[in-house]
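Everything below belongs to upload_19.txt, which stores compact mmCIF, C-alpha atoms and all ligand atoms.
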```txt
# COMPACT_ATOMS: atom_id res chain seq x y z
CA MET A 1 -103.26 28.55 -240.01
CA THR A 2 -103.26 26.17 -242.91
CA ALA A 3 -100.95 23.34 -243.88
CA PHE A 4 -100.69 20.74 -246.60
CA PHE A 5 -98.65 17.61 -247.17
CA ILE A 6 -97.05 17.69 -250.62
CA ALA A 7 -96.96 14.23 -252.16
CA GLY A 8 -95.64 13.28 -255.56
CA THR A 9 -96.17 10.63 -258.19
CA ASP A 10 -92.48 9.68 -257.85
CA THR A 11 -89.08 11.02 -256.90
CA GLU A 12 -87.55 13.78 -259.09
CA ILE A 13 -90.89 14.90 -260.53
CA GLY A 14 -91.01 18.40 -259.10
CA LYS A 15 -92.35 18.27 -255.52
CA THR A 16 -89.76 20.77 -254.34
CA PHE A 17 -90.18 22.88 -257.47
CA VAL A 18 -93.98 23.06 -257.02
CA THR A 19 -93.76 23.53 -253.24
CA CYS A 20 -91.49 26.54 -253.85
CA ALA A 21 -93.89 27.84 -256.52
CA LEU A 22 -96.82 27.48 -254.06
CA LEU A 23 -94.84 29.33 -251.38
CA HIS A 24 -94.22 32.16 -253.84
CA ALA A 25 -97.91 32.19 -254.81
CA ALA A 26 -98.97 32.39 -251.14
CA ARG A 27 -96.46 35.14 -250.39
CA ALA A 28 -97.71 37.11 -253.39
CA GLN A 29 -101.11 37.11 -251.62
CA GLY A 30 -99.45 38.51 -248.51
CA ARG A 31 -99.45 35.26 -246.52
CA VAL A 32 -96.62 34.20 -244.21
CA ALA A 33 -95.61 30.87 -245.72
CA VAL A 34 -92.84 28.36 -245.00
CA GLY A 35 -91.81 24.97 -246.30
CA MET A 36 -90.77 21.90 -244.34
CA LYS A 37 -88.81 18.83 -245.45
CA PRO A 38 -89.08 16.47 -242.46
CA ILE A 39 -86.75 13.84 -243.93
CA ALA A 40 -84.16 14.49 -246.62
CA ALA A 41 -81.71 12.05 -248.15
CA GLY A 42 -78.63 13.52 -249.80
CA ALA A 43 -76.68 16.36 -248.21
CA ASP A 44 -73.52 18.41 -248.72
CA MET A 45 -71.42 20.59 -246.46
CA VAL A 46 -72.09 24.21 -247.39
CA ALA A 47 -70.49 27.00 -245.37
CA GLY A 48 -69.95 24.68 -242.43
CA GLU A 49 -73.43 23.18 -242.30
CA LEU A 50 -74.71 19.88 -243.66
CA ILE A 51 -77.57 20.81 -245.93
CA ASN A 52 -79.91 19.06 -248.34
CA GLU A 53 -80.75 20.79 -251.60
CA ASP A 54 -84.55 20.58 -251.10
CA ALA A 55 -84.20 22.10 -247.64
CA ALA A 56 -82.08 24.91 -249.08
CA ARG A 57 -84.63 25.62 -251.80
CA LEU A 58 -87.57 25.60 -249.40
CA ARG A 59 -85.64 27.83 -247.00
CA ALA A 60 -84.98 30.34 -249.79
CA ALA A 61 -88.61 30.31 -250.98
CA GLY A 62 -90.26 30.87 -247.58
CA SER A 63 -91.27 34.15 -245.96
CA PHE A 64 -88.63 33.68 -243.25
CA ASP A 65 -85.89 31.23 -242.28
CA PRO A 66 -87.12 29.06 -239.40
CA GLY A 67 -83.73 27.33 -239.11
CA LEU A 68 -82.80 23.89 -240.32
CA ALA A 69 -83.69 22.13 -237.05
CA LEU A 70 -87.37 22.91 -237.68
CA LEU A 71 -87.33 22.95 -241.47
CA ASN A 72 -85.43 19.67 -241.88
CA PRO A 73 -85.29 17.61 -238.66
CA TYR A 74 -83.75 14.55 -240.38
CA CYS A 75 -80.95 15.22 -242.83
CA LEU A 76 -79.40 11.98 -244.08
CA LYS A 77 -76.17 12.07 -246.05
CA SER A 78 -76.68 9.60 -248.90
CA PRO A 79 -79.08 10.32 -251.80
CA ILE A 80 -80.78 6.92 -251.47
CA ALA A 81 -83.97 5.44 -250.01
CA PRO A 82 -84.19 7.07 -246.57
CA HIS A 83 -84.67 3.90 -244.52
CA ILE A 84 -81.42 2.56 -246.01
CA ALA A 85 -79.57 5.84 -245.43
CA ALA A 86 -80.89 5.98 -241.86
CA ALA A 87 -79.80 2.40 -241.13
CA GLU A 88 -76.33 3.08 -242.57
CA GLU A 89 -76.00 6.18 -240.41
CA GLY A 90 -77.40 4.54 -237.27
CA VAL A 91 -80.39 6.90 -237.22
CA ALA A 92 -83.91 5.85 -236.19
CA ILE A 93 -86.51 8.10 -237.80
CA ASP A 94 -89.04 8.95 -235.10
CA PRO A 95 -92.24 10.84 -235.93
CA ALA A 96 -92.33 12.63 -232.53
CA PRO A 97 -89.63 15.28 -233.27
CA ILE A 98 -91.13 15.82 -236.73
CA LEU A 99 -94.58 16.47 -235.27
CA ALA A 100 -93.03 18.80 -232.67
CA ALA A 101 -91.11 20.76 -235.33
CA PHE A 102 -94.24 21.00 -237.47
CA ALA A 103 -96.24 22.38 -234.52
CA LYS A 104 -93.58 25.07 -233.98
CA LEU A 105 -93.65 26.04 -237.66
CA GLN A 106 -97.44 26.19 -237.60
CA ALA A 107 -97.25 28.59 -234.67
CA GLN A 108 -95.02 30.93 -236.69
CA ALA A 109 -96.61 30.83 -240.15
CA GLU A 110 -100.02 31.15 -241.79
CA LEU A 111 -99.18 28.42 -244.27
CA VAL A 112 -96.85 25.42 -243.85
CA LEU A 113 -96.14 23.14 -246.80
CA VAL A 114 -94.63 19.78 -245.81
CA GLU A 115 -92.79 18.02 -248.61
CA GLY A 116 -92.65 14.22 -248.52
CA VAL A 117 -89.84 12.07 -249.88
CA GLY A 118 -90.08 10.38 -253.27
CA GLY A 119 -93.56 8.92 -253.94
CA PHE A 120 -96.33 8.55 -251.35
CA ARG A 121 -95.22 5.29 -249.68
CA VAL A 122 -91.52 5.57 -249.04
CA PRO A 123 -90.29 3.54 -246.05
CA LEU A 124 -88.78 5.52 -243.18
CA GLY A 125 -88.07 2.47 -241.06
CA LYS A 126 -89.19 -1.15 -240.65
CA SER A 127 -92.87 -0.38 -240.12
CA TYR A 128 -93.33 3.34 -240.79
CA ASP A 129 -93.50 5.18 -244.09
CA THR A 130 -94.23 8.63 -245.52
CA ALA A 131 -97.95 7.86 -245.85
CA ASP A 132 -98.01 7.11 -242.09
CA LEU A 133 -96.32 10.46 -241.53
CA ALA A 134 -98.97 12.29 -243.61
CA ARG A 135 -101.63 10.51 -241.54
CA ASP A 136 -99.92 11.39 -238.23
CA LEU A 137 -99.63 15.02 -239.32
CA ALA A 138 -103.34 14.76 -240.26
CA LEU A 139 -102.86 17.04 -243.24
CA PRO A 140 -104.81 17.40 -246.46
CA VAL A 141 -102.63 16.36 -249.37
CA ILE A 142 -101.63 18.19 -252.53
CA LEU A 143 -100.46 15.75 -255.19
CA VAL A 144 -97.78 16.89 -257.61
CA VAL A 145 -98.08 14.99 -260.86
CA GLY A 146 -94.83 15.00 -262.80
CA MET A 147 -96.19 15.13 -266.34
CA ARG A 148 -94.39 12.36 -268.19
CA LEU A 149 -95.36 9.04 -269.71
CA GLY A 150 -96.61 6.74 -266.93
CA CYS A 151 -97.91 9.51 -264.69
CA ILE A 152 -101.61 8.67 -265.13
CA ASN A 153 -101.23 5.29 -263.46
CA HIS A 154 -98.97 6.70 -260.74
CA ALA A 155 -101.39 9.54 -260.03
CA LEU A 156 -104.46 7.32 -259.80
CA LEU A 157 -102.74 4.81 -257.52
CA THR A 158 -101.49 7.61 -255.30
CA ALA A 159 -104.95 9.18 -255.07
CA GLU A 160 -106.32 5.79 -253.98
CA ALA A 161 -103.60 5.39 -251.35
CA ILE A 162 -104.28 8.88 -249.96
CA GLN A 163 -108.01 8.23 -249.70
CA ALA A 164 -107.48 4.73 -248.24
CA ARG A 165 -105.79 6.40 -245.24
CA GLY A 166 -108.75 8.70 -244.66
CA LEU A 167 -106.78 11.72 -245.85
CA GLN A 168 -108.24 14.43 -248.04
CA LEU A 169 -106.79 14.93 -251.51
CA ALA A 170 -107.15 18.72 -251.55
CA GLY A 171 -105.94 19.21 -255.09
CA TRP A 172 -103.28 18.35 -257.61
CA VAL A 173 -100.75 20.21 -259.70
CA ALA A 174 -99.65 19.22 -263.19
CA ASN A 175 -95.92 19.91 -263.31
CA GLN A 176 -94.39 20.00 -266.76
CA VAL A 177 -91.17 18.27 -265.74
CA ASP A 178 -90.63 16.86 -269.24
CA PRO A 179 -90.95 19.61 -271.85
CA ALA A 180 -90.88 16.98 -274.63
CA MET A 181 -93.90 15.01 -273.36
CA LEU A 182 -96.12 13.97 -276.26
CA ARG A 183 -99.90 14.71 -276.10
CA PHE A 184 -99.58 16.85 -272.98
CA GLU A 185 -103.14 18.25 -273.27
CA GLN A 186 -104.74 14.81 -273.68
CA ASN A 187 -102.84 13.52 -270.65
CA LEU A 188 -103.97 16.54 -268.66
CA GLU A 189 -107.55 15.85 -269.70
CA ALA A 190 -107.29 12.15 -268.72
CA LEU A 191 -106.05 13.14 -265.27
CA THR A 192 -108.64 15.89 -264.82
CA GLU A 193 -111.43 13.45 -265.64
CA ARG A 194 -110.19 10.81 -263.22
CA LEU A 195 -108.59 12.48 -260.20
CA PRO A 196 -111.14 13.16 -257.42
CA ALA A 197 -109.84 16.65 -256.60
CA PRO A 198 -109.44 20.04 -258.29
CA LEU A 199 -106.54 20.92 -260.54
CA LEU A 200 -104.72 23.76 -258.76
CA GLY A 201 -102.72 24.72 -261.81
CA VAL A 202 -100.19 23.73 -264.43
CA THR A 203 -96.59 24.67 -263.69
CA PRO A 204 -94.84 25.10 -267.04
CA PHE A 205 -91.31 23.88 -267.70
CA GLN A 206 -88.96 26.68 -266.65
CA ALA A 207 -85.72 26.45 -268.62
CA ASP A 208 -83.92 28.42 -265.89
CA GLY A 209 -85.31 26.12 -263.15
CA ASN A 210 -86.75 29.13 -261.31
CA ALA A 211 -89.87 28.07 -259.38
CA ALA A 212 -90.95 31.67 -258.76
CA GLY A 213 -91.60 31.95 -262.49
CA ALA A 214 -94.15 29.13 -262.27
CA ALA A 215 -96.18 30.61 -259.39
CA ALA A 216 -98.53 32.80 -261.41
CA GLY A 217 -100.78 30.01 -262.70
CA LEU A 218 -101.17 28.32 -259.30
CA ARG A 219 -103.78 28.61 -256.59
CA LEU A 220 -103.89 27.09 -253.13
CA PRO A 221 -106.89 24.99 -252.09
CA GLU A 222 -109.54 27.01 -250.20
N1 LIG B 1 -91.53 22.77 -264.11
C1 LIG B 1 -90.20 22.59 -264.08
N2 LIG B 1 -89.40 23.31 -264.90
C2 LIG B 1 -88.07 23.15 -264.89
N3 LIG B 1 -87.41 22.28 -264.11
C3 LIG B 1 -88.16 21.53 -263.27
C4 LIG B 1 -89.57 21.63 -263.22
N4 LIG B 1 -90.03 20.75 -262.29
C5 LIG B 1 -88.95 20.14 -261.80
N5 LIG B 1 -87.83 20.59 -262.37
C6 LIG B 1 -86.45 20.14 -262.10
O1 LIG B 1 -86.44 18.73 -262.04
C7 LIG B 1 -85.61 18.27 -260.98
C8 LIG B 1 -86.44 17.47 -260.00
O2 LIG B 1 -87.39 18.34 -259.38
P1 LIG B 1 -87.58 18.36 -257.81
O3 LIG B 1 -86.26 18.40 -257.13
O4 LIG B 1 -88.55 19.43 -257.49
O5 LIG B 1 -88.23 16.89 -257.61
P2 LIG B 1 -88.78 16.20 -256.30
O6 LIG B 1 -90.01 15.50 -256.67
O7 LIG B 1 -88.85 17.20 -255.21
O8 LIG B 1 -87.63 15.11 -255.96
P3 LIG B 1 -87.28 14.40 -254.54
O9 LIG B 1 -88.04 13.13 -254.53
O10 LIG B 1 -85.79 14.19 -254.62
O11 LIG B 1 -87.66 15.32 -253.44
C9 LIG B 1 -84.98 19.52 -260.36
O12 LIG B 1 -83.74 19.76 -260.96
C10 LIG B 1 -85.96 20.64 -260.74
O13 LIG B 1 -85.38 21.90 -260.81
C1 LIG B 2 -82.59 10.74 -252.89
C2 LIG B 2 -83.86 11.04 -253.66
N1 LIG B 2 -83.73 12.31 -254.33
C3 LIG B 2 -85.08 11.04 -252.77
N2 LIG B 2 -84.91 12.07 -251.76
C4 LIG B 2 -85.31 9.69 -252.14
C5 LIG B 2 -86.23 8.85 -252.96
C6 LIG B 2 -86.51 7.51 -252.30
C7 LIG B 2 -87.35 6.58 -253.14
C8 LIG B 2 -87.49 5.25 -252.51
C9 LIG B 2 -88.35 4.35 -253.34
O1 LIG B 2 -89.56 4.56 -253.43
O2 LIG B 2 -87.83 3.42 -253.96
MG MG B 3 -87.82 17.31 -253.44
```
Write the structure described by the file as structure tokens, please.
Amino acid sequence: MTAFFIAGTDTEIGKTFVTCALLHAARAQGRVAVGMKPIAAGADMVAGELINEDAARLRAAGSFDPGLALLNPYCLKSPIAPHIAAAEEGVAIDPAPILAAFAKLQAQAELVLVEGVGGFRVPLGKSYDTADLARDLALPVILVVGMRLGCINHALLTAEAIQARGLQLAGWVANQVDPAMLRFEQNLEALTERLPAPLLGVTPFQADGNAAGAAAGLRLPE
């Protein structure tokens, strides 16, 4: 049984895209792999169930459907900062049911990938944030770097924050979220020289948005 916490340099930089690509890569090796999105903000009614888009994508990319109660314990309606959405909806985000759902997923799968929300330190309540959740889950972290101008600073700060909590940065993925980024190779080199963990792969920009197409160049940490 293996599991990783998937952190990102920001929101909308490809955490879900890369998590799905990693699930496809693991399944191609014959591993039973599922994704988890403990807290999602932004949901629509689809076929009678309230569902978040990330949760739907992770559900479709996994080896099996564990059900939304385990895959996405907290589904908030508004696509805003989760502590604000939770307050508006009268919800208190409690780590206990998240840890319980994670334990159940771990019992069913060889690999569980837990996607965070936004960047690494997104508040979930008055005194609890996503970094606290990664620490409570006690998971090694995979950092998704959304390759665009500004990502070097974001990546280095995030690596520091991960290490400051005693968590292991197991690796990072360079996700080509902006196909027009100038000097891509030099940026990749700057990150490779400075990040204290192995590069697990570069996920190219997929014009069709299909994460499975980006799985080939990826490896999971040992
Ligand atoms: N390599 C890529 N090629 C093509 N499209 C991509 C790529 N990476 C990300 N995208 C697209 O960019 C958008 C943002 O990506 P994604 O939803 O994975 O971000 P995120 O970091 O998970 O955001 P959030 O913080 O909301 O969870 C999505 O529409 C996704 O399909
Ligand atoms: C709704 C959006 N797609 C994300 N799920 C939430 C991102 C919250 C970011 C909060 C912040 O750091 O300012
Ligand atoms: Mg996402």
### Given all atoms listed in the file as the counted atoms, nearest of A:Val177, A:Ala47, A:Ala87, A:Ala60 to Val18 of chain A
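Of the candidates, the smallest distance to Val18 of chain A is held by A:Val177.
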## Note on the structure
Of A:Glu12, A:Asp65, A:Asp178, A:Asp208, the one nearest to ligand LIG 1 (chain B) when counting all atoms listed in the file is A:Glu12
#### Entry: Selection within 7 Å of ligand LIG 1 (chain B) by only C-alpha atoms and all ligand atoms, output as a list of chain:residue names
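Protein and nucleic-acid residues within 7 Å of ligand LIG 1 (chain B): A:Gly8, A:Asp10, A:Thr11, A:Glu12, A:Ile13, A:Gly14, A:Lys15, A:Thr16, A:Phe17, A:Val18, A:Asp54, A:Val117, A:Gly118, A:Gly119, A:Asn175, A:Gln176, A:Val177, A:Thr203, A:Pro204, A:Phe205, A:Gln206, A:Ala207, A:Asp208, A:Gly209.
One distance worth recording is that between atom CA of Ala164 of chain A and atom CA of Ala81 of chain A, which is 23.6 Å.
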Near-Lys77 of chain A list (10 Å; all atoms listed in the file; drop same-chain fewer than 5 positions) as a short mmCIF file (atom, residue, chain, number, x, y, z; two decimals) with C-alpha atoms, in the coordinates of the input:
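Once everything was written out, this is out-v3.cif:
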```cif
data_model
loop_
_atom_site.label_atom_id
_atom_site.label_comp_id
_atom_site.auth_asym_id
_atom_site.auth_seq_id
_atom_site.Cartn_x
_atom_site.Cartn_y
_atom_site.Cartn_z
CA ALA A 40 -84.16 14.49 -246.62
CA ALA A 41 -81.71 12.05 -248.15
CA GLY A 42 -78.63 13.52 -249.80
CA ALA A 43 -76.68 16.36 -248.21
CA ASP A 44 -73.52 18.41 -248.72
CA MET A 45 -71.42 20.59 -246.46
CA LEU A 50 -74.71 19.88 -243.66
CA ILE A 51 -77.57 20.81 -245.93
CA ASN A 52 -79.91 19.06 -248.34
CA PRO A 82 -84.19 7.07 -246.57
CA ALA A 85 -79.57 5.84 -245.43
CA ALA A 86 -80.89 5.98 -241.86
CA GLU A 88 -76.33 3.08 -242.57
CA GLU A 89 -76.00 6.18 -240.41
#
```
### Query
Between atom CA of Cys20 of chain A and atom CA of Ala131 of chain A, what is the distance, to one decimal in Å?
21.3 Å
### Query
Which residue gives the smallest distance to ligand MG 3 (chain B) among A:Pro38, A:Pro140, A:Gly217, A:Gly48, with all atoms listed in the file counted?
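Of A:Pro38, A:Pro140, A:Gly217, A:Gly48, the one nearest ligand MG 3 (chain B) is A:Pro38, counting all atoms listed in the file.
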Each residue of segment 114-184 of chain A lying at most 12 Å from segment 100-103 of chain A should get a row with its shortest atom-to-atom pair and the distance in Å to one decimal, counting all atoms listed in the file; could you produce that, ordered by chain and increasing number, as a Markdown table?
```
| residue | atom | partner | partner_atom | distance |
| --- | --- | --- | --- | --- |
| A:Val114 | CA | A:Phe102 | CA | 8.4 |
| A:Glu115 | CA | A:Phe102 | CA | 11.6 |
| A:Leu133 | CA | A:Phe102 | CA | 11.5 |
| A:Ala134 | CA | A:Phe102 | CA | 11.7 |
| A:Asp136 | CA | A:Phe102 | CA | 11.2 |
| A:Leu137 | CA | A:Phe102 | CA | 8.3 |
| A:Ala138 | CA | A:Phe102 | CA | 11.4 |
| A:Leu139 | CA | A:Phe102 | CA | 11.1 |
```
Keeping only C-alpha atoms, write those residues as a tab-separated table (two decimals), in the coordinates of the input.
```
chain	number	residue	atom	x	y	z
A	114	VAL	CA	-94.63	19.78	-245.81
A	115	GLU	CA	-92.79	18.02	-248.61
A	133	LEU	CA	-96.32	10.46	-241.53
A	134	ALA	CA	-98.97	12.29	-243.61
A	136	ASP	CA	-99.92	11.39	-238.23
A	137	LEU	CA	-99.63	15.02	-239.32
A	138	ALA	CA	-103.34	14.76	-240.26
A	139	LEU	CA	-102.86	17.04	-243.24
```
Please determine an axis-aligned box that encloses all atoms of ligand LIG 2 (chain B) listed in the file, with 5 Å added on each side, and express its centre and edge lengths in Å to one decimal as AutoDock Vina command-line options.
```
--center_x -86.1 --center_y 7.9 --center_z -253.0 --size_x 17.0 --size_y 18.9 --size_z 12.6
```
### Query
Given the choices A:Gly62, A:Gly171, A:Pro179, A:Gly125, which gets closest to ligand LIG 2 (chain B) if the distance is worked out from all atoms listed in the file?
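Once distances to ligand LIG 2 (chain B) are computed over all atoms listed in the file, the minimum belongs to A:Gly125.
Atom CA of Glu53 of chain A sits 22.1 Å away from atom CA of Met147 of chain A.
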#### Entry: Counting all atoms listed in the file, the option among A:Arg165, A:Arg57, A:Arg121, A:Lys104 closest to ligand MG 3 (chain B)
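The shortest atom-to-atom distance to ligand MG 3 (chain B) comes from A:Arg57.
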### Summary
Closest of A:Leu68, A:Ala155, A:Ala96, A:Val144 to ligand MG 3 (chain B), counting all atoms listed in the file, is A:Val144
